[in-house]
>>> print(open('model.cif').read())   # mmCIF, C-alpha atoms; chains and numbers go by the auth columns
data_protein
loop_
_atom_site.group_PDB
_atom_site.id
_atom_site.type_symbol
_atom_site.label_atom_id
_atom_site.label_comp_id
_atom_site.label_asym_id
_atom_site.label_seq_id
_atom_site.Cartn_x
_atom_site.Cartn_y
_atom_site.Cartn_z
_atom_site.B_iso_or_equiv
_atom_site.auth_seq_id
_atom_site.auth_asym_id
ATOM 1 C CA MET A 1 -71.244 -16.651 -30.194 0.00 1 A
ATOM 2 C CA ARG A 2 -68.173 -16.700 -32.421 0.00 2 A
ATOM 3 C CA VAL A 3 -66.555 -13.700 -34.086 0.00 3 A
ATOM 4 C CA LEU A 4 -64.526 -14.117 -37.268 0.00 4 A
ATOM 5 C CA ASN A 5 -62.258 -11.812 -39.174 0.00 5 A
ATOM 6 C CA ALA A 6 -60.466 -13.362 -42.126 0.00 6 A
ATOM 7 C CA GLY A 7 -57.809 -10.786 -42.951 0.00 7 A
ATOM 8 C CA ALA A 8 -59.376 -7.991 -44.984 0.00 8 A
ATOM 9 C CA ALA A 9 -62.805 -9.671 -44.923 0.00 9 A
ATOM 10 C CA PRO A 10 -65.577 -7.872 -43.039 0.00 10 A
ATOM 11 C CA LEU A 11 -66.112 -8.805 -39.407 0.00 11 A
ATOM 12 C CA GLN A 12 -68.562 -11.718 -39.109 0.00 12 A
ATOM 13 C CA LEU A 13 -70.426 -13.032 -36.104 0.00 13 A
ATOM 14 C CA VAL A 14 -72.205 -16.360 -35.594 0.00 14 A
ATOM 15 C CA ARG A 15 -74.960 -16.318 -33.010 0.00 15 A
ATOM 16 C CA PRO A 16 -77.914 -18.521 -32.071 0.00 16 A
ATOM 17 C CA ALA A 17 -81.159 -17.476 -33.730 0.00 17 A
ATOM 18 C CA GLN A 18 -83.984 -16.431 -31.442 0.00 18 A
ATOM 19 C CA PRO A 19 -87.715 -16.623 -32.236 0.00 19 A
ATOM 20 C CA ALA A 20 -87.664 -12.881 -32.990 0.00 20 A
ATOM 21 C CA ASP A 21 -85.117 -13.589 -35.770 0.00 21 A
ATOM 22 C CA ALA A 22 -87.733 -15.377 -37.878 0.00 22 A
ATOM 23 C CA GLN A 23 -88.347 -12.181 -39.886 0.00 23 A
ATOM 24 C CA CYS A 24 -84.707 -11.975 -40.996 0.00 24 A
ATOM 25 C CA LEU A 25 -84.465 -15.741 -41.561 0.00 25 A
ATOM 26 C CA THR A 26 -87.360 -15.823 -44.032 0.00 26 A
ATOM 27 C CA PRO A 27 -85.612 -13.953 -46.875 0.00 27 A
ATOM 28 C CA LEU A 28 -82.536 -16.140 -46.381 0.00 28 A
ATOM 29 C CA CYS A 29 -84.766 -19.215 -46.632 0.00 29 A
ATOM 30 C CA ALA A 30 -86.340 -17.827 -49.817 0.00 30 A
ATOM 31 C CA ALA A 31 -82.888 -17.241 -51.339 0.00 31 A
ATOM 32 C CA HIS A 32 -81.774 -20.716 -50.275 0.00 32 A
ATOM 33 C CA ALA A 33 -84.857 -22.307 -51.861 0.00 33 A
ATOM 34 C CA ALA A 34 -84.258 -20.380 -55.095 0.00 34 A
ATOM 35 C CA PHE A 35 -80.603 -21.470 -55.118 0.00 35 A
ATOM 36 C CA GLU A 36 -81.622 -25.126 -54.684 0.00 36 A
ATOM 37 C CA ARG A 37 -84.413 -24.752 -57.267 0.00 37 A
ATOM 38 C CA LEU A 38 -87.103 -25.575 -54.706 0.00 38 A
ATOM 39 C CA PRO A 39 -90.550 -24.035 -54.321 0.00 39 A
ATOM 40 C CA PHE A 40 -90.984 -21.514 -51.523 0.00 40 A
ATOM 41 C CA CYS A 41 -94.156 -20.133 -49.987 0.00 41 A
ATOM 42 C CA ALA A 42 -93.580 -16.945 -47.990 0.00 42 A
ATOM 43 C CA HIS A 43 -97.152 -16.847 -46.652 0.00 43 A
ATOM 44 C CA GLY A 44 -96.926 -17.562 -42.917 0.00 44 A
ATOM 45 C CA HIS A 45 -93.296 -18.675 -43.166 0.00 45 A
ATOM 46 C CA SER A 46 -91.969 -16.271 -40.523 0.00 46 A
ATOM 47 C CA ASP A 47 -94.749 -17.219 -38.099 0.00 47 A
ATOM 48 C CA ARG A 48 -94.036 -20.935 -38.517 0.00 48 A
ATOM 49 C CA LEU A 49 -90.285 -20.363 -38.050 0.00 49 A
ATOM 50 C CA GLN A 50 -90.910 -18.283 -34.949 0.00 50 A
ATOM 51 C CA THR A 51 -93.096 -21.026 -33.451 0.00 51 A
ATOM 52 C CA ALA A 52 -90.544 -23.743 -34.263 0.00 52 A
ATOM 53 C CA LEU A 53 -87.671 -21.746 -32.765 0.00 53 A
ATOM 54 C CA ALA A 54 -89.687 -20.894 -29.645 0.00 54 A
ATOM 55 C CA SER A 55 -90.728 -24.513 -29.081 0.00 55 A
ATOM 56 C CA GLY A 56 -87.243 -25.985 -29.560 0.00 56 A
ATOM 57 C CA LEU A 57 -88.379 -27.959 -32.583 0.00 57 A
ATOM 58 C CA LEU A 58 -85.845 -26.046 -34.679 0.00 58 A
ATOM 59 C CA HIS A 59 -82.403 -24.764 -33.688 0.00 59 A
ATOM 60 C CA ALA A 60 -80.697 -22.189 -35.880 0.00 60 A
ATOM 61 C CA TRP A 61 -77.669 -19.911 -36.044 0.00 61 A
ATOM 62 C CA LEU A 62 -77.207 -16.688 -37.966 0.00 62 A
ATOM 63 C CA LEU A 63 -74.089 -15.448 -39.703 0.00 63 A
ATOM 64 C CA VAL A 64 -74.125 -11.675 -39.214 0.00 64 A
ATOM 65 C CA GLN A 65 -71.958 -9.296 -41.223 0.00 65 A
ATOM 66 C CA GLY A 66 -72.201 -5.529 -40.947 0.00 66 A
ATOM 67 C CA GLY A 67 -75.246 -5.882 -38.726 0.00 67 A
ATOM 68 C CA ALA A 68 -77.201 -7.929 -41.312 0.00 68 A
ATOM 69 C CA ALA A 69 -77.857 -11.667 -41.421 0.00 69 A
ATOM 70 C CA VAL A 70 -76.020 -13.031 -44.474 0.00 70 A
ATOM 71 C CA GLY A 71 -76.283 -16.754 -43.757 0.00 71 A
ATOM 72 C CA TYR A 72 -77.745 -19.363 -41.486 0.00 72 A
ATOM 73 C CA ALA A 73 -77.659 -22.974 -40.416 0.00 73 A
ATOM 74 C CA SER A 74 -80.581 -24.899 -38.964 0.00 74 A
ATOM 75 C CA VAL A 75 -80.756 -28.221 -37.166 0.00 75 A
ATOM 76 C CA THR A 76 -83.373 -30.618 -35.894 0.00 76 A
ATOM 77 C CA LEU A 77 -82.744 -33.470 -33.492 0.00 77 A
ATOM 78 C CA ASP A 78 -83.708 -36.985 -34.508 0.00 78 A
ATOM 79 C CA TRP A 79 -83.320 -40.627 -33.559 0.00 79 A
ATOM 80 C CA ALA A 80 -81.731 -43.335 -35.739 0.00 80 A
ATOM 81 C CA THR A 81 -83.394 -46.712 -35.467 0.00 81 A
ATOM 82 C CA LEU A 82 -80.483 -48.653 -36.966 0.00 82 A
ATOM 83 C CA SER A 83 -77.857 -47.292 -34.583 0.00 83 A
ATOM 84 C CA ALA A 84 -80.296 -46.683 -31.719 0.00 84 A
ATOM 85 C CA HIS A 85 -78.725 -43.256 -31.116 0.00 85 A
ATOM 86 C CA ARG A 86 -79.714 -39.633 -31.316 0.00 86 A
ATOM 87 C CA PHE A 87 -78.353 -37.628 -34.237 0.00 87 A
ATOM 88 C CA ALA A 88 -78.594 -34.067 -35.463 0.00 88 A
ATOM 89 C CA HIS A 89 -79.988 -33.327 -38.900 0.00 89 A
ATOM 90 C CA LEU A 90 -78.476 -30.260 -40.547 0.00 90 A
ATOM 91 C CA ASP A 91 -81.574 -29.121 -42.393 0.00 91 A
ATOM 92 C CA CYS A 92 -80.081 -26.000 -43.948 0.00 92 A
ATOM 93 C CA LEU A 93 -76.742 -24.287 -44.391 0.00 93 A
ATOM 94 C CA TYR A 94 -76.839 -21.231 -46.594 0.00 94 A
ATOM 95 C CA LEU A 95 -74.706 -18.153 -47.122 0.00 95 A
ATOM 96 C CA GLN A 96 -75.481 -15.341 -49.505 0.00 96 A
ATOM 97 C CA PRO A 97 -73.020 -15.406 -52.423 0.00 97 A
ATOM 98 C CA GLY A 98 -71.097 -12.329 -51.203 0.00 98 A
ATOM 99 C CA ALA A 99 -70.545 -13.932 -47.790 0.00 99 A
ATOM 100 C CA ARG A 100 -69.008 -17.154 -49.082 0.00 100 A
ATOM 101 C CA GLY A 101 -65.314 -17.999 -48.865 0.00 101 A
ATOM 102 C CA GLN A 102 -64.719 -15.926 -45.721 0.00 102 A
ATOM 103 C CA GLY A 103 -64.936 -18.633 -43.052 0.00 103 A
ATOM 104 C CA GLY A 104 -68.613 -18.124 -42.200 0.00 104 A
ATOM 105 C CA GLY A 105 -69.658 -21.587 -43.383 0.00 105 A
ATOM 106 C CA GLN A 106 -67.016 -23.201 -41.203 0.00 106 A
ATOM 107 C CA ALA A 107 -68.079 -21.090 -38.231 0.00 107 A
ATOM 108 C CA LEU A 108 -71.723 -22.075 -38.695 0.00 108 A
ATOM 109 C CA MET A 109 -70.753 -25.739 -38.945 0.00 109 A
ATOM 110 C CA TYR A 110 -68.661 -25.406 -35.791 0.00 110 A
ATOM 111 C CA ALA A 111 -71.643 -23.946 -33.904 0.00 111 A
ATOM 112 C CA VAL A 112 -73.852 -26.783 -35.170 0.00 112 A
ATOM 113 C CA GLN A 113 -71.293 -29.426 -34.169 0.00 113 A
ATOM 114 C CA LEU A 114 -70.936 -28.010 -30.662 0.00 114 A
ATOM 115 C CA PHE A 115 -74.710 -27.983 -30.264 0.00 115 A
ATOM 116 C CA ALA A 116 -75.084 -31.564 -31.543 0.00 116 A
ATOM 117 C CA GLN A 117 -72.392 -32.780 -29.148 0.00 117 A
ATOM 118 C CA SER A 118 -74.059 -30.980 -26.241 0.00 118 A
ATOM 119 C CA GLN A 119 -77.301 -32.804 -27.078 0.00 119 A
ATOM 120 C CA GLY A 120 -75.653 -36.234 -26.976 0.00 120 A
ATOM 121 C CA CYS A 121 -75.802 -36.804 -30.734 0.00 121 A
ATOM 122 C CA ILE A 122 -73.442 -39.378 -32.214 0.00 122 A
ATOM 123 C CA ASN A 123 -73.267 -37.638 -35.584 0.00 123 A
ATOM 124 C CA LEU A 124 -74.512 -34.883 -37.823 0.00 124 A
ATOM 125 C CA GLN A 125 -76.304 -35.843 -41.028 0.00 125 A
ATOM 126 C CA TRP A 126 -77.389 -33.809 -44.063 0.00 126 A
ATOM 127 C CA GLN A 127 -77.819 -33.879 -47.798 0.00 127 A
ATOM 128 C CA THR A 128 -76.976 -31.508 -50.614 0.00 128 A
ATOM 129 C CA PRO A 129 -77.949 -31.565 -54.287 0.00 129 A
ATOM 130 C CA ALA A 130 -75.581 -33.638 -56.426 0.00 130 A
ATOM 131 C CA TRP A 131 -75.033 -30.620 -58.709 0.00 131 A
ATOM 132 C CA ASN A 132 -73.828 -28.400 -55.824 0.00 132 A
ATOM 133 C CA HIS A 133 -70.149 -29.141 -56.317 0.00 133 A
ATOM 134 C CA SER A 134 -68.905 -26.215 -54.235 0.00 134 A
ATOM 135 C CA ALA A 135 -70.915 -27.454 -51.220 0.00 135 A
ATOM 136 C CA ILE A 136 -69.675 -31.009 -51.748 0.00 136 A
ATOM 137 C CA HIS A 137 -66.090 -29.735 -51.869 0.00 137 A
ATOM 138 C CA PHE A 138 -66.703 -27.702 -48.675 0.00 138 A
ATOM 139 C CA TYR A 139 -68.131 -30.735 -46.848 0.00 139 A
ATOM 140 C CA ASP A 140 -65.264 -32.943 -48.042 0.00 140 A
ATOM 141 C CA ARG A 141 -62.751 -30.407 -46.653 0.00 141 A
ATOM 142 C CA LEU A 142 -64.548 -30.592 -43.300 0.00 142 A
ATOM 143 C CA GLY A 143 -63.868 -34.344 -43.234 0.00 143 A
ATOM 144 C CA ALA A 144 -67.474 -35.408 -43.825 0.00 144 A
ATOM 145 C CA THR A 145 -68.227 -38.692 -45.583 0.00 145 A
ATOM 146 C CA GLY A 146 -70.661 -38.664 -48.494 0.00 146 A
ATOM 147 C CA MET A 147 -73.235 -41.417 -48.931 0.00 147 A
ATOM 148 C CA ALA A 148 -75.006 -42.158 -52.196 0.00 148 A
ATOM 149 C CA LYS A 149 -78.752 -42.173 -51.513 0.00 149 A
ATOM 150 C CA GLN A 150 -81.822 -40.993 -53.318 0.00 150 A
ATOM 151 C CA ARG A 151 -84.007 -38.496 -51.444 0.00 151 A
ATOM 152 C CA TYR A 152 -87.782 -38.842 -51.659 0.00 152 A
ATOM 153 C CA THR A 153 -90.587 -36.533 -50.629 0.00 153 A
ATOM 154 C CA LEU A 154 -94.173 -37.688 -50.274 0.00 154 A
ATOM 155 C CA PRO A 155 -96.660 -34.828 -49.973 0.00 155 A
ATOM 156 C CA LEU A 156 -99.282 -35.442 -47.308 0.00 156 A
ATOM 157 C CA PRO A 157 -102.826 -34.069 -47.428 0.00 157 A
ATOM 158 C CA ARG A 158 -103.585 -31.266 -44.986 0.00 158 A
ATOM 159 C CA HIS A 159 -106.628 -31.511 -42.774 0.00 159 A
#
>>> encode(input="model.cif", output="structure tokens")
Amino acid sequence: MRVLNAGAAPLQLVRPAQPADAQCLTPLCAAHAAFERLPFCAHGHSDRLQTALASGLLHAWLLVQGGAAVGYASVTLDWATLSAHRFAHLDCLYLQPGARGQGGGQALMYAVQLFAQSQGCINLQWQTPAWNHSAIHFYDRLGATGMAKQRYTLPLPRH
């Protein structure tokens, strides 16, 4: 858990998300999807998040301000064939607009990095939309290296 206070900014806290936090994560996920212009289905979302958090399939952290969750980061662990090493995939990093620019994004990234290191990961990987210039600038300031790739999604039939 990390507590932040950037001058006159409200007190912020970063803490690991628990399965019971799925209910407060869902509206943040919906806002994140809307921001990234992605479809979002709320039906069953909280239940699926709760199951993933409880099973260890998903790891997440909440940014709490004034007792309310105003941002989150989520990570999955993966394996890279080419390097033959474990890595962490930063699936989501989102802060509500009013919570940005106060150090919360850096604190969430710090929590994610510590977790990835503790899991023996050699790096942290993620993507962001090419139009999200403020995120790209944030990641550049962190010292991350961008890679030009095209992301694909192939829907699979459900049985």
>>> closest_atom_pairs(input="model.cif", of="range 54-77 of chain A", to="range 32-48 of chain A", cutoff="12 Å", atoms="only C-alpha atoms", output="Markdown table")
| residue | atom | partner | partner_atom | distance |
| --- | --- | --- | --- | --- |
| A:Ala54 | CA | A:Arg48 | CA | 9.9 |
| A:Ser55 | CA | A:Arg48 | CA | 10.6 |
| A:Leu57 | CA | A:Arg48 | CA | 10.8 |
| A:Leu58 | CA | A:Arg48 | CA | 10.4 |
| A:Val70 | CA | A:His32 | CA | 11.2 |
| A:Gly71 | CA | A:His32 | CA | 9.4 |
| A:Tyr72 | CA | A:His32 | CA | 9.8 |
| A:Ala73 | CA | A:His32 | CA | 10.9 |
>>> resolve_selection(input="model.cif", expression="the PyMOL selection byres ((chain A and resi 62) around 7)", output="MDAnalysis selection string")
chainID A and resid 14:17 60:61 63:64 69 71:73
>>> write_last_selection(input="model.cif", atoms="C-alpha atoms", output="compact mmCIF listing (two decimals), in the coordinates of the input")
# COMPACT_ATOMS: atom_id res chain seq x y z
CA VAL A 14 -72.20 -16.36 -35.59
CA ARG A 15 -74.96 -16.32 -33.01
CA PRO A 16 -77.91 -18.52 -32.07
CA ALA A 17 -81.16 -17.48 -33.73
CA ALA A 60 -80.70 -22.19 -35.88
CA TRP A 61 -77.67 -19.91 -36.04
CA LEU A 63 -74.09 -15.45 -39.70
CA VAL A 64 -74.12 -11.68 -39.21
CA ALA A 69 -77.86 -11.67 -41.42
CA GLY A 71 -76.28 -16.75 -43.76
CA TYR A 72 -77.74 -19.36 -41.49
CA ALA A 73 -77.66 -22.97 -40.42
>>> resolve_selection(input="model.cif", expression="the PyMOL selection byres ((chain A and resi 149-155) around 10)", output="PyMOL selection string")
chain A and resi 127-129+146-148+156-158
>>> atom_distance(input="model.cif", atom1="CA of Ala31 in chain A", atom2="CA of Tyr110 in chain A")
22.6 Å
>>> closest_residue(input="model.cif", among="A:Gly103, A:Ser83, A:Ile136, A:Gln96", to="Cys121 in chain A", atoms="all atoms listed in the file")
A:Ser83
>>> atom_distance(input="model.cif", atom1="CA of Ala88 in chain A", atom2="CA of Leu124 in chain A")
4.8 Å
>>> resolve_selection(input="model.cif", expression="the PyMOL selection byres ((chain A and resi 107) around 9)", output="count of residues only")
15
>>> atom_distance(input="model.cif", atom1="CA of Gln117 in chain A", atom2="CA of Phe87 in chain A")
9.2 Å
>>> decode(input="model.cif", residues="range 13-117 of chain A", atoms="C-alpha atoms", output="compact mmCIF listing (two decimals), in the first residue's frame")
# COMPACT_ATOMS: atom_id res chain seq x y z
CA LEU A 13 -3.83 5.58 -1.70
CA VAL A 14 -2.78 2.67 -3.92
CA ARG A 15 -3.78 -0.74 -2.65
CA PRO A 16 -4.09 -4.25 -4.08
CA ALA A 17 -7.58 -5.06 -5.33
CA GLN A 18 -9.37 -7.93 -3.63
CA PRO A 19 -12.10 -10.11 -5.17
CA ALA A 20 -14.70 -8.07 -3.25
CA ASP A 21 -13.49 -4.96 -5.14
CA ALA A 22 -14.92 -6.25 -8.42
CA GLN A 23 -18.07 -4.15 -7.91
CA CYS A 24 -16.09 -0.90 -7.75
CA LEU A 25 -13.75 -1.96 -10.58
CA THR A 26 -16.58 -2.52 -13.06
CA PRO A 27 -17.57 1.15 -13.49
CA LEU A 28 -13.89 2.07 -13.87
CA CYS A 29 -13.58 -0.60 -16.58
CA ALA A 30 -16.68 0.79 -18.31
CA ALA A 31 -15.21 4.31 -18.25
CA HIS A 32 -11.88 3.00 -19.51
CA ALA A 33 -13.57 1.16 -22.39
CA ALA A 34 -15.52 4.30 -23.32
CA PHE A 35 -12.33 6.37 -23.23
CA GLU A 36 -10.57 3.89 -25.54
CA ARG A 37 -13.65 3.66 -27.79
CA LEU A 38 -14.07 -0.05 -27.09
CA PRO A 39 -17.28 -2.01 -26.58
CA PHE A 40 -18.17 -2.93 -23.01
CA CYS A 41 -20.68 -5.45 -21.71
CA ALA A 42 -21.58 -4.91 -18.06
CA HIS A 43 -23.62 -8.13 -17.83
CA GLY A 44 -21.68 -10.49 -15.56
CA HIS A 45 -18.57 -8.31 -15.65
CA SER A 46 -18.22 -7.96 -11.87
CA ASP A 47 -18.67 -11.71 -11.37
CA ARG A 48 -15.99 -12.52 -13.95
CA LEU A 49 -13.60 -9.98 -12.39
CA GLN A 50 -14.23 -11.38 -8.94
CA THR A 51 -13.48 -14.92 -10.15
CA ALA A 52 -10.30 -13.81 -11.94
CA LEU A 53 -9.04 -11.89 -8.90
CA ALA A 54 -9.85 -14.78 -6.55
CA SER A 55 -8.08 -17.34 -8.75
CA GLY A 56 -4.93 -15.27 -9.28
CA LEU A 57 -5.55 -15.07 -13.01
CA LEU A 58 -5.75 -11.29 -12.69
CA HIS A 59 -3.83 -8.98 -10.36
CA ALA A 60 -5.06 -5.43 -9.86
CA TRP A 61 -4.47 -2.30 -7.80
CA LEU A 62 -6.87 0.50 -6.97
CA LEU A 63 -6.12 4.20 -6.70
CA VAL A 64 -8.34 5.45 -3.88
CA GLN A 65 -9.07 9.13 -3.28
CA GLY A 66 -11.51 10.36 -0.67
CA GLY A 67 -12.59 6.80 0.01
CA ALA A 68 -13.58 6.14 -3.63
CA ALA A 69 -11.71 4.20 -6.31
CA VAL A 70 -10.68 6.71 -8.99
CA GLY A 71 -8.26 4.55 -10.97
CA TYR A 72 -6.81 1.11 -11.38
CA ALA A 73 -4.09 -0.97 -12.96
CA SER A 74 -4.38 -4.64 -13.84
CA VAL A 75 -1.76 -7.21 -14.76
CA THR A 76 -1.60 -10.77 -16.01
CA LEU A 77 1.49 -12.95 -16.00
CA ASP A 78 2.67 -14.47 -19.26
CA TRP A 79 5.57 -16.28 -20.88
CA ALA A 80 7.60 -15.02 -23.86
CA THR A 81 8.67 -17.73 -26.26
CA LEU A 82 11.37 -15.64 -27.95
CA SER A 83 13.17 -14.69 -24.75
CA ALA A 84 12.13 -17.81 -22.84
CA HIS A 85 11.27 -15.67 -19.80
CA ARG A 86 8.24 -14.72 -17.79
CA PHE A 87 6.87 -11.21 -18.28
CA ALA A 88 4.02 -9.17 -16.88
CA HIS A 89 1.36 -7.78 -19.18
CA LEU A 90 -0.11 -4.48 -18.02
CA ASP A 91 -3.63 -5.04 -19.30
CA CYS A 92 -5.12 -1.79 -18.03
CA LEU A 93 -4.05 1.48 -16.48
CA TYR A 94 -6.83 3.99 -16.08
CA LEU A 95 -7.49 7.06 -13.96
CA GLN A 96 -10.65 9.11 -14.01
CA PRO A 97 -9.95 12.51 -15.60
CA GLY A 98 -10.13 14.39 -12.27
CA ALA A 99 -7.52 12.07 -10.73
CA ARG A 100 -4.89 12.56 -13.43
CA GLY A 101 -1.74 14.62 -12.99
CA GLN A 102 -1.51 14.02 -9.24
CA GLY A 103 1.00 11.16 -9.14
CA GLY A 104 -1.55 8.34 -9.02
CA GLY A 105 -0.51 6.88 -12.38
CA GLN A 106 3.11 6.73 -11.27
CA ALA A 107 2.11 5.11 -7.99
CA LEU A 108 0.05 2.47 -9.79
CA MET A 109 2.94 1.76 -12.15
CA TYR A 110 5.30 1.46 -9.19
CA ALA A 111 2.99 -1.10 -7.55
CA VAL A 112 2.81 -3.05 -10.82
CA GLN A 113 6.59 -2.98 -11.25
CA LEU A 114 7.20 -4.23 -7.72
CA PHE A 115 4.72 -7.06 -8.27
CA ALA A 116 6.26 -8.04 -11.62
CA GLN A 117 9.74 -8.12 -10.08
